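*Asks:* Handing you this structure, nothing more for now.
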Amino acid sequence: MATVTTHPYFKVESVAGHTDVPHAEKERLIGQVFADPRMPSYLYGCYECGICVAACPSARFYDFSPRRIAQAAARHDVELLFQQLEEDVWECSQCFSCLRCPRGNNPGGIITIMREVAVTNGLRSAKVALEGYSRIIYKIMSTGTQVSPDMLQPDAFPDWGPEVKDVSENLSLWRRALPPETHHTTSTGWDVAESTILELYVIWMETGALDMIKEVDSGIHMILEEIMEERLEEEGIEL
């Protein structure tokens with residue numbers, strides 16, 4: 001079992017992989033996870049009872065365990081947490097069934113923080129995981145509205161299972177069966193008031209939500225930033 005010298009706050013008992021990444025960088029990233037103000041209310045220690053795994057739908061289909069996330073976090077195992085940051089956290093369905101934990105842990109919440117760290121730092125895993133979602137990110141953040149049926153294509157969402165292929169091949173049938181006009185276009189899912197979309201633009205720009213995208217898709221970020229700044233300037237709104 002290999003030993004890694006690290007900050008006293010962190011405990012590392014074994015090298016879990018990704019040896020091409022310097023340990024100091026891994027420690028920096030995991031430090032951001034633990035620095036998040038939500039962490040104290042998400043992690044109290046693990047009983048190893050397995051209730052979170054039993055309730056987890058992702059655990060049924062992937063080599064995924066919310067318990068492993070909680071255990072690694074409780075041990076402050078930098079190497080294992082980094083491996084999970086680049087691999088395991090993207091298999092979580094974010095359903096939060098793991099909130100059944102009798103200890104009060106929130107593995108899904110910990111994973112949310114880890115994903116945010118991966119996105120803001122432009123990790124490889126984040127770029128790969130979000131690759132198929134760039135069109136959706138653009139649509140939601142530019143129009144303030146939802147995904148339209150035409151976007152549900154199997155090549156973009158292979159992880160959604162066979163249902164996506166069925167939807168894609170039978171779009172004309174679904175449109176006849178579902179009468180709302182919004183099912184007939186990719187431009188909008190529902191109408192969003194001008195005041196609402198402007199407010200969303202301000203929120204996304206001021207909170208840094210827009211900047212999170214820059215590290216994983218600089219092209220989408222540039223387009224969205226230009227759209228938002230132009231619309232806000234037209235309305236006389238300066239940030």
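In the structure tokens, chains take letters A, B, ... by order of appearance, with residues numbered from 1 within each chain and ligands from 1 in the order shown.
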For region 23-36 of chain A, list every protein, DNA or RNA residue within 7 Å, evaluated using only C-alpha atoms, and leave out those in the same chain fewer than 3 positions away; present the list as number ranges by chain.
*Replies:* A: 39, 78, 82, 113-114, 117
*Asks:* Using only C-alpha atoms, which residues sit within 12 Å of His221 (chain A) once same-chain residues fewer than 3 positions away are excluded, as a list in words?
*Replies:*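 Everything that qualifies: Ser134, Arg135, Ile137, Tyr138, Met141, Ser142, Trp204, Met205, Gly208, Ala209, Leu210, Asp211, Met212, Ile213, Lys214, Glu215, Val216, Asp217, Ser218, Leu224, Glu225, Glu226, Ile227, Met228 and Glu229 of chain A.
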*Asks:* Please produce an output containing N, CA and C atoms for each residue in the selection, written as a short mmCIF file (atom, residue, chain, number, x, y, z; two decimals), in the first residue's frame.
*Replies:*
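Done, and the output landed in selection_28.cif:
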data_model
loop_
_atom_site.label_atom_id
_atom_site.label_comp_id
_atom_site.auth_asym_id
_atom_site.auth_seq_id
_atom_site.Cartn_x
_atom_site.Cartn_y
_atom_site.Cartn_z
N SER A 134 -24.31 20.80 -24.11
CA SER A 134 -23.99 22.17 -24.46
C SER A 134 -25.17 22.86 -25.15
N ARG A 135 -25.88 22.11 -25.99
CA ARG A 135 -27.03 22.68 -26.68
C ARG A 135 -28.14 23.03 -25.69
N ILE A 137 -27.66 23.69 -22.43
CA ILE A 137 -27.19 24.82 -21.64
C ILE A 137 -27.44 26.12 -22.39
N TYR A 138 -27.11 26.12 -23.68
CA TYR A 138 -27.33 27.31 -24.49
C TYR A 138 -28.80 27.70 -24.53
N MET A 141 -30.16 28.88 -20.93
CA MET A 141 -29.59 30.14 -20.45
C MET A 141 -29.81 31.30 -21.40
N SER A 142 -30.13 31.03 -22.64
CA SER A 142 -30.40 32.13 -23.58
C SER A 142 -31.88 32.47 -23.65
N TRP A 204 -27.51 35.04 -13.39
CA TRP A 204 -26.47 34.15 -13.90
C TRP A 204 -25.12 34.84 -14.00
N MET A 205 -25.12 36.12 -14.34
CA MET A 205 -23.86 36.85 -14.48
C MET A 205 -23.30 37.27 -13.13
N GLY A 208 -21.98 34.22 -10.87
CA GLY A 208 -20.88 33.42 -11.40
C GLY A 208 -21.33 32.14 -12.08
N ALA A 209 -22.64 31.93 -12.18
CA ALA A 209 -23.15 30.72 -12.84
C ALA A 209 -22.71 30.67 -14.30
N LEU A 210 -22.69 31.83 -14.96
CA LEU A 210 -22.26 31.87 -16.35
C LEU A 210 -20.77 31.55 -16.46
N ASP A 211 -19.98 32.06 -15.52
CA ASP A 211 -18.53 31.82 -15.56
C ASP A 211 -18.19 30.35 -15.37
N MET A 212 -19.06 29.59 -14.68
CA MET A 212 -18.79 28.16 -14.48
C MET A 212 -18.68 27.43 -15.81
N ILE A 213 -19.41 27.91 -16.81
CA ILE A 213 -19.44 27.25 -18.10
C ILE A 213 -18.14 27.47 -18.88
N LYS A 214 -17.46 28.57 -18.57
CA LYS A 214 -16.29 28.97 -19.35
C LYS A 214 -15.22 27.89 -19.38
N GLU A 215 -15.02 27.22 -18.23
CA GLU A 215 -13.95 26.22 -18.14
C GLU A 215 -14.28 24.93 -18.89
N VAL A 216 -15.56 24.63 -19.10
CA VAL A 216 -15.91 23.37 -19.76
C VAL A 216 -16.31 23.56 -21.22
N ASP A 217 -16.77 24.79 -21.59
CA ASP A 217 -17.13 25.06 -22.98
C ASP A 217 -17.00 26.55 -23.23
N SER A 218 -15.79 26.98 -23.59
CA SER A 218 -15.52 28.41 -23.77
C SER A 218 -16.34 29.01 -24.91
N LEU A 224 -23.09 33.04 -25.03
CA LEU A 224 -24.07 33.41 -24.01
C LEU A 224 -23.74 34.77 -23.40
N GLU A 225 -22.47 35.00 -23.12
CA GLU A 225 -22.06 36.28 -22.54
C GLU A 225 -22.41 37.43 -23.47
N GLU A 226 -22.18 37.23 -24.76
CA GLU A 226 -22.49 38.28 -25.75
C GLU A 226 -23.99 38.54 -25.81
N ILE A 227 -24.79 37.47 -25.82
CA ILE A 227 -26.25 37.62 -25.87
C ILE A 227 -26.76 38.37 -24.64
N MET A 228 -26.29 37.96 -23.47
CA MET A 228 -26.76 38.57 -22.23
C MET A 228 -26.35 40.03 -22.11
N GLU A 229 -25.10 40.32 -22.42
CA GLU A 229 -24.62 41.70 -22.31
C GLU A 229 -25.37 42.61 -23.27
#
*Asks:* Wanna dump the region 37-61 of chain A-region 103-112 of chain A contacts at 9 Å for me, each residue with its shortest atom pair and the distance in Å to one decimal, counting only C-alpha atoms, ordered by chain and number, as a Markdown table?
*Replies:*
| residue | atom | partner | partner_atom | distance |
| --- | --- | --- | --- | --- |
| A:Arg38 | CA | A:Gly109 | CA | 8.2 |
| A:Met39 | CA | A:Ile110 | CA | 6.8 |
| A:Ser41 | CA | A:Asn105 | CA | 7.8 |
| A:Tyr42 | CA | A:Asn106 | CA | 4.7 |
| A:Leu43 | CA | A:Asn105 | CA | 4.8 |
| A:Tyr44 | CA | A:Asn105 | CA | 5.8 |
| A:Gly45 | CA | A:Arg103 | CA | 7.1 |
| A:Cys46 | CA | A:Arg103 | CA | 6.8 |
| A:Tyr47 | CA | A:Arg103 | CA | 6.9 |
| A:Cys52 | CA | A:Pro107 | CA | 8.2 |
*Asks:* Between CA of Glu163 (chain A) and CA of Phe61 (chain A), what is the distance, to one decimal in Å?
*Replies:*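 CA of Glu163 (chain A) sits 15.8 Å away from CA of Phe61 (chain A).
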